[in-house]
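So this block is work.txt, compact mmCIF, C-alpha atoms:
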```
# COMPACT_ATOMS: atom_id res chain seq x y z
CA MET C 201 -9.08 6.01 7.17
CA ALA C 202 -5.66 5.05 5.79
CA LEU C 203 -3.52 1.94 5.77
CA PRO C 204 0.16 2.81 6.29
CA THR C 205 2.59 0.54 4.47
CA CYS C 206 6.22 0.99 5.51
CA ASN C 207 9.24 0.35 3.35
CA VAL C 208 11.69 -2.31 4.54
CA GLU C 209 15.45 -2.25 3.98
CA ALA C 210 15.40 -5.92 3.04
CA PRO C 211 12.68 -8.58 2.74
CA VAL C 212 13.89 -10.53 5.78
CA LEU C 213 12.41 -11.37 9.16
CA PRO C 214 11.66 -9.64 11.43
CA LEU C 215 10.11 -7.10 9.06
CA GLU C 216 9.34 -4.75 11.96
CA LEU C 217 13.07 -4.25 12.58
CA ALA C 218 13.83 -3.76 8.88
CA LYS C 219 11.25 -1.04 8.31
CA LEU C 220 12.22 2.51 7.41
CA ARG C 221 9.83 4.75 9.31
CA ASN C 222 10.36 7.76 7.05
CA LEU C 223 9.40 5.92 3.82
CA PHE C 224 5.82 4.72 3.53
CA LYS C 225 2.77 4.47 1.28
CA LEU C 226 -0.79 5.17 2.35
CA PHE C 227 -3.68 3.15 1.01
CA SER C 228 -7.32 4.05 1.47
CA ASN C 229 -9.17 1.87 3.95
CA ASP C 230 -12.08 1.68 1.51
CA VAL C 231 -11.85 1.11 -2.25
CA GLY C 232 -15.23 2.79 -2.74
CA LEU C 233 -13.95 5.96 -1.07
CA LEU C 234 -10.82 5.78 -3.21
CA ALA C 235 -12.91 5.61 -6.39
CA SER C 236 -15.03 8.55 -5.22
CA GLN C 237 -11.86 10.64 -4.87
CA TYR C 238 -10.96 10.04 -8.53
CA ALA C 239 -12.26 12.23 -11.32
CA GLN C 240 -16.01 12.28 -11.95
CA GLY C 241 -17.38 9.30 -13.82
CA ILE C 242 -14.53 6.96 -12.93
CA GLN C 243 -16.86 4.60 -11.07
CA LEU C 244 -18.84 3.79 -14.25
CA ARG C 245 -15.64 3.46 -16.26
CA ILE C 246 -14.33 0.96 -13.71
CA LEU C 247 -17.59 -1.01 -13.73
CA ASN C 248 -17.61 -1.03 -17.55
CA ASP C 249 -13.99 -2.28 -17.61
CA GLU C 250 -12.97 0.59 -19.91
CA ALA C 251 -9.45 0.77 -21.26
CA GLY C 252 -7.33 3.65 -20.02
CA VAL C 253 -8.39 3.35 -16.39
CA ASN C 254 -5.48 2.75 -14.03
CA PHE C 255 -6.75 -0.44 -12.43
CA GLY C 256 -3.33 -0.95 -10.84
CA ALA C 257 -4.02 1.59 -8.12
CA VAL C 258 -7.49 0.15 -7.46
CA TYR C 259 -6.21 -3.45 -7.36
CA GLU C 260 -3.30 -2.55 -5.09
CA ASN C 261 -5.61 -0.71 -2.74
CA ALA C 262 -8.07 -3.63 -2.64
CA VAL C 263 -5.24 -6.07 -1.87
CA ALA C 264 -3.90 -3.80 0.89
CA GLN C 265 -7.38 -3.61 2.40
CA GLU C 266 -7.84 -7.39 2.24
CA LEU C 267 -4.42 -8.21 3.71
CA ARG C 268 -4.98 -5.79 6.58
CA ALA C 269 -8.43 -7.28 7.22
CA HIS C 270 -6.68 -10.64 7.68
CA GLY C 271 -4.38 -9.14 10.31
CA PHE C 272 -1.22 -8.74 8.26
CA ASP C 273 1.13 -5.84 8.92
CA LEU C 274 1.76 -4.18 5.56
CA TYR C 275 5.25 -3.55 4.19
CA TYR C 276 6.76 -3.00 0.76
CA PHE C 277 10.31 -3.27 -0.55
CA ASN C 278 11.93 -0.71 -2.82
CA SER C 279 15.55 -0.96 -3.85
CA LYS C 280 17.35 0.89 -6.63
CA LYS C 281 19.30 -2.28 -7.31
CA GLN C 282 16.47 -4.83 -7.24
CA GLY C 283 13.25 -2.90 -7.84
CA ASP C 284 9.92 -2.40 -6.11
CA LEU C 285 7.75 -5.13 -4.55
CA ASP C 286 4.16 -4.08 -3.92
CA PHE C 287 3.80 -5.96 -0.62
CA VAL C 288 6.01 -7.94 1.71
CA ILE C 289 4.25 -9.71 4.58
CA LYS C 290 5.10 -12.27 7.23
CA CYS C 291 3.03 -15.39 6.56
CA ASP C 292 3.62 -18.78 8.18
CA ASP C 293 6.85 -17.48 9.77
CA ARG C 294 8.32 -16.65 6.36
CA VAL C 295 8.57 -13.58 4.19
CA LEU C 296 5.96 -13.62 1.42
CA PRO C 297 6.36 -11.08 -1.41
CA ILE C 298 3.19 -10.15 -3.27
CA GLU C 299 3.01 -8.38 -6.61
CA VAL C 300 -0.26 -6.92 -7.89
CA LYS C 301 -0.62 -6.67 -11.66
CA SER C 302 -3.62 -5.28 -13.52
CA GLY C 303 -2.42 -5.50 -17.11
CA LYS C 304 -1.79 -8.28 -19.58
CA ASN C 305 1.96 -8.29 -18.94
CA TYR C 306 1.54 -9.74 -15.46
CA GLU C 307 4.39 -12.19 -16.04
CA ARG C 308 6.85 -9.31 -16.19
CA HIS C 309 7.97 -8.55 -12.65
CA ASN C 310 11.70 -7.88 -12.57
CA ALA C 311 11.84 -6.90 -8.90
CA LEU C 312 10.14 -10.12 -7.83
CA LYS C 313 12.43 -12.17 -10.06
CA ASN C 314 15.49 -10.44 -8.56
CA VAL C 315 14.37 -10.98 -4.97
CA LEU C 316 13.45 -14.64 -5.55
CA ALA C 317 16.84 -15.28 -7.16
CA SER C 318 18.72 -13.76 -4.21
CA GLU C 319 20.06 -16.42 -1.85
CA GLU C 320 20.57 -13.66 0.72
CA TYR C 321 16.82 -13.47 1.34
CA GLY C 322 15.99 -17.18 1.10
CA ILE C 323 12.42 -16.57 -0.04
CA GLN C 324 10.60 -19.83 -0.80
CA LYS C 325 7.52 -18.56 -2.64
CA ALA C 326 5.76 -15.45 -3.89
CA TYR C 327 2.30 -14.54 -5.14
CA VAL C 328 1.44 -12.51 -8.22
CA LEU C 329 -2.17 -11.32 -8.05
CA CYS C 330 -3.35 -10.67 -11.58
CA ASN C 331 -6.13 -11.13 -14.15
CA GLY C 332 -4.81 -14.57 -15.10
CA ASN C 333 -5.66 -18.06 -13.91
CA VAL C 334 -4.10 -20.06 -11.09
CA ARG C 335 -0.72 -21.52 -11.99
CA THR C 336 2.78 -21.82 -10.62
CA ARG C 337 6.00 -20.95 -12.40
CA GLY C 338 9.12 -21.52 -10.36
CA LYS C 339 8.68 -19.91 -6.95
CA ALA C 340 5.90 -17.60 -8.18
CA THR C 341 2.24 -18.58 -7.94
CA TYR C 342 -0.14 -16.59 -10.13
CA LEU C 343 -3.58 -16.05 -8.64
CA PRO C 344 -6.62 -14.02 -9.73
CA VAL C 345 -6.81 -10.78 -7.74
CA TYR C 346 -9.96 -11.84 -5.91
CA MET C 347 -8.01 -14.71 -4.32
CA ALA C 348 -6.27 -12.25 -2.02
CA MET C 349 -9.08 -13.13 0.38
CA PHE C 350 -7.57 -16.61 0.82
CA ILE C 351 -4.13 -15.41 1.94
CA LYS C 352 -4.12 -16.20 5.63
CA ASP C 353 -1.50 -16.83 8.27
CA THR C 354 -1.47 -20.20 10.00
CA GLU C 355 -3.01 -19.86 13.42
CA ILE C 356 -0.92 -21.08 16.30
CA PRO C 357 -3.13 -22.98 18.73
CA ALA C 358 -3.36 -21.58 22.22
CA LEU C 359 -1.18 -23.56 24.57
CA VAL C 360 -2.39 -24.05 28.11
CA TYR C 361 0.12 -25.31 30.62
CA LYS C 362 -1.17 -27.04 33.71
CA VAL C 363 1.25 -27.45 36.55
CA ASP C 364 0.47 -30.04 39.20
CA LEU C 365 1.33 -28.42 42.52
CA SER C 366 -0.59 -30.91 44.62
CA GLY C 367 2.62 -32.46 45.96
CA LEU C 368 3.74 -29.14 47.48
CA LYS C 369 2.69 -28.35 51.01
```
Represent the structure contained in this file as structure tokens.
Amino acid sequence: MALPTCNVEAPVLPLELAKLRNLFKLFSNDVGLLASQYAQGIQLRILNDEAGVNFGAVYENAVAQELRAHGFDLYYFNSKKQGDLDFVIKCDDRVLPIEVKSGKNYERHNALKNVLASEEYGIQKAYVLCNGNVRTRGKATYLPVYMAMFIKDTEIPALVYKVDLSGLK
């Protein structure tokens, strides 16, 4: 029913050890159910792309749902000093921060800029999911929101070890 997303003390691996169990967000496991919990008529306003609808919550929820469907454990980072990152996941044995932006000012993301500039974290890249086109600026790659479905972890091939014990008697 809900997707728990724990806060981490720092965006560093292993995220599981950095999580703060008493600080978390809950996302709905179904964007349709989320929309049905909003005020009456919101579904048509969303479909008609009306101004004044908080698409941020809908986008964030859809991204959480998609990331979880791809097997990612969900975390977020919130620091008074550096700001709030929507998602922090482990992807390809690295920390990958993800910001979700629904408005036109999707290039403004102070928390992401602060975290990427910090040598302490050593983060190589980040994604900003937004209404814009695909492009890269520094360490941040801007992607349309629907491209969250392409964020996948590299699969490690199964290793099978065969031991030759024929010489033992």
Of C:Ala210, C:Leu296, C:Ile246, C:Leu215, the one nearest to Lys280 of chain C when counting only C-alpha atoms is C:Ala210
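Going from atom CA of Ile351 of chain C to atom CA of Ala257 of chain C covers 19.8 Å.
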Pick out the closest residue to Met347 of chain C from this set: C:Glu320, C:Asp292, C:Glu307, C:Glu266. Count all atoms listed in the file.
C:Glu266
Residues within 12 Å of Asp273 of chain C, please, as a list in words. Count all atoms listed in the file; anything in the same chain fewer than 5 positions from it doesn't count.
Leu203, Pro204, Thr205, Cys206, Asn207, Val208, Pro214, Leu215, Glu216, Lys219, Ala264, Gln265, Glu266, Leu267, Arg268, Phe287, Val288, Ile289, Lys290, Cys291, Val295, Leu296 and Asp353 of chain C
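In terms of minimum interatomic distance to Leu285 of chain C, C:Ala311 ranks closest within C:Ala311, C:Val231, C:Val258, C:Ala348, counting all atoms listed in the file.
Between atom CA of Asn314 of chain C and atom CA of Lys281 of chain C the separation is 9.1 Å.
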If you take every atom of segment 300-305 of chain C that the file lists and fit an axis-aligned box around them with 4 Å extra on each side, what centre and edge lengths come out in Å to one decimal, as lines of an AutoDock Vina configuration file?
```
center_x = -0.8
center_y = -6.8
center_z = -13.7
size_x = 13.6
size_y = 11.0
size_z = 19.7
```
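The smallest atom-to-atom distance between Val300 of chain C and any of C:Asp230, C:Asp284, C:Glu260, C:Asp364, using all atoms listed in the file, is found for C:Glu260.
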Pick out the residues sitting within 12 Å of Arg294 of chain C, and hand them over as an NGL selection string; count all atoms listed in the file, and ignore anything fewer than 6 positions along from it in its own chain.
:C and (211-215 or 288 or 321-326 or 353-354)
Would you work out the distance separating atom CA of Val315 of chain C from atom CA of Gln282 of chain C, expressed in Å to one decimal?
6.9 Å
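Shortest separation to Asn229 of chain C among C:Asn261, C:Ser279, C:Thr341, C:Ser366 occurs at residue C:Asn261, atoms counted being only C-alpha atoms.
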Who sits within 12 Å of Arg308 of chain C, all atoms listed in the file, same chain under 3 positions skipped, as number ranges by chain:
C: 299-305, 311-314, 328, 330, 340, 342
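Using all atoms listed in the file, the smallest distance between any of C:Leu247, C:Ala269, C:Val263, C:Leu365 and Asp286 of chain C comes from C:Val263.
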Incomplete segment 217-251 of chain C filled out to N, CA and C atoms as a tab-separated table (two decimals), in the frame of the given file:
```tsv
chain	number	residue	atom	x	y	z
C	217	LEU	N	11.75	-4.84	12.33
C	217	LEU	CA	13.07	-4.25	12.58
C	217	LEU	C	13.72	-3.73	11.31
C	218	ALA	N	13.26	-4.19	10.15
C	218	ALA	CA	13.83	-3.76	8.88
C	218	ALA	C	13.11	-2.55	8.29
C	219	LYS	N	12.04	-2.10	8.94
C	219	LYS	CA	11.25	-1.04	8.31
C	219	LYS	C	11.92	0.33	8.46
C	220	LEU	N	11.73	1.13	7.44
C	220	LEU	CA	12.22	2.51	7.41
C	220	LEU	C	11.02	3.40	7.70
C	221	ARG	N	11.01	4.00	8.86
C	221	ARG	CA	9.83	4.75	9.31
C	221	ARG	C	9.57	6.03	8.49
C	222	ASN	N	10.57	6.52	7.79
C	222	ASN	CA	10.36	7.76	7.05
C	222	ASN	C	9.93	7.51	5.60
C	223	LEU	N	9.86	6.25	5.16
C	223	LEU	CA	9.40	5.92	3.82
C	223	LEU	C	8.17	5.03	3.93
C	224	PHE	N	7.05	5.50	3.42
C	224	PHE	CA	5.82	4.72	3.53
C	224	PHE	C	4.85	5.10	2.42
C	225	LYS	N	3.89	4.22	2.19
C	225	LYS	CA	2.77	4.47	1.28
C	225	LYS	C	1.52	4.49	2.13
C	226	LEU	N	0.51	5.19	1.68
C	226	LEU	CA	-0.79	5.17	2.35
C	226	LEU	C	-1.82	4.66	1.36
C	227	PHE	N	-2.57	3.67	1.80
C	227	PHE	CA	-3.68	3.15	1.01
C	227	PHE	C	-4.97	3.55	1.70
C	228	SER	N	-6.01	3.74	0.91
C	228	SER	CA	-7.32	4.05	1.47
C	228	SER	C	-7.89	2.81	2.14
C	229	ASN	N	-8.57	3.00	3.22
C	229	ASN	CA	-9.17	1.87	3.95
C	229	ASN	C	-10.45	1.38	3.27
C	230	ASP	N	-10.85	2.04	2.19
C	230	ASP	CA	-12.08	1.68	1.51
C	230	ASP	C	-11.93	1.98	0.02
C	231	VAL	N	-12.02	0.94	-0.81
C	231	VAL	CA	-11.85	1.11	-2.25
C	231	VAL	C	-12.94	2.00	-2.84
C	232	GLY	N	-14.14	1.93	-2.28
C	232	GLY	CA	-15.23	2.79	-2.74
C	232	GLY	C	-14.92	4.26	-2.52
C	233	LEU	N	-14.35	4.57	-1.34
C	233	LEU	CA	-13.95	5.96	-1.07
C	233	LEU	C	-12.82	6.38	-2.00
C	234	LEU	N	-11.91	5.47	-2.28
C	234	LEU	CA	-10.82	5.78	-3.21
C	234	LEU	C	-11.38	6.15	-4.57
C	235	ALA	N	-12.32	5.34	-5.08
C	235	ALA	CA	-12.91	5.61	-6.39
C	235	ALA	C	-13.66	6.94	-6.39
C	236	SER	N	-14.29	7.29	-5.27
C	236	SER	CA	-15.03	8.55	-5.22
C	236	SER	C	-14.08	9.76	-5.22
C	237	GLN	N	-12.84	9.55	-4.86
C	237	GLN	CA	-11.86	10.64	-4.87
C	237	GLN	C	-11.27	10.87	-6.26
C	238	TYR	N	-11.43	9.89	-7.16
C	238	TYR	CA	-10.96	10.04	-8.53
C	238	TYR	C	-11.86	11.03	-9.26
C	239	ALA	N	-11.49	11.30	-10.50
C	239	ALA	CA	-12.26	12.23	-11.32
C	239	ALA	C	-13.69	11.72	-11.51
C	240	GLN	N	-14.60	12.64	-11.79
C	240	GLN	CA	-16.01	12.28	-11.95
C	240	GLN	C	-16.19	11.25	-13.06
C	241	GLY	N	-17.09	10.31	-12.82
C	241	GLY	CA	-17.38	9.30	-13.82
C	241	GLY	C	-16.47	8.08	-13.79
C	242	ILE	N	-15.46	8.08	-12.95
C	242	ILE	CA	-14.53	6.96	-12.93
C	242	ILE	C	-15.21	5.67	-12.47
C	243	GLN	N	-16.19	5.79	-11.59
C	243	GLN	CA	-16.86	4.60	-11.07
C	243	GLN	C	-17.50	3.80	-12.21
C	244	LEU	N	-18.21	4.48	-13.11
C	244	LEU	CA	-18.84	3.79	-14.25
C	244	LEU	C	-17.79	3.24	-15.20
C	245	ARG	N	-16.71	3.95	-15.38
C	245	ARG	CA	-15.64	3.46	-16.26
C	245	ARG	C	-15.01	2.20	-15.67
C	246	ILE	N	-14.86	2.16	-14.35
C	246	ILE	CA	-14.33	0.96	-13.71
C	246	ILE	C	-15.30	-0.20	-13.87
C	247	LEU	N	-16.59	0.04	-13.61
C	247	LEU	CA	-17.59	-1.01	-13.73
C	247	LEU	C	-17.73	-1.52	-15.16
C	248	ASN	N	-17.52	-0.65	-16.14
C	248	ASN	CA	-17.61	-1.03	-17.55
C	248	ASN	C	-16.30	-1.60	-18.09
C	249	ASP	N	-15.29	-1.71	-17.23
C	249	ASP	CA	-13.99	-2.28	-17.61
C	249	ASP	C	-13.38	-1.55	-18.81
C	250	GLU	N	-13.48	-0.22	-18.80
C	250	GLU	CA	-12.97	0.59	-19.91
C	250	GLU	C	-11.45	0.62	-19.91
C	251	ALA	N	-10.90	0.63	-21.10
C	251	ALA	CA	-9.45	0.77	-21.26
C	251	ALA	C	-9.05	2.19	-20.84
```
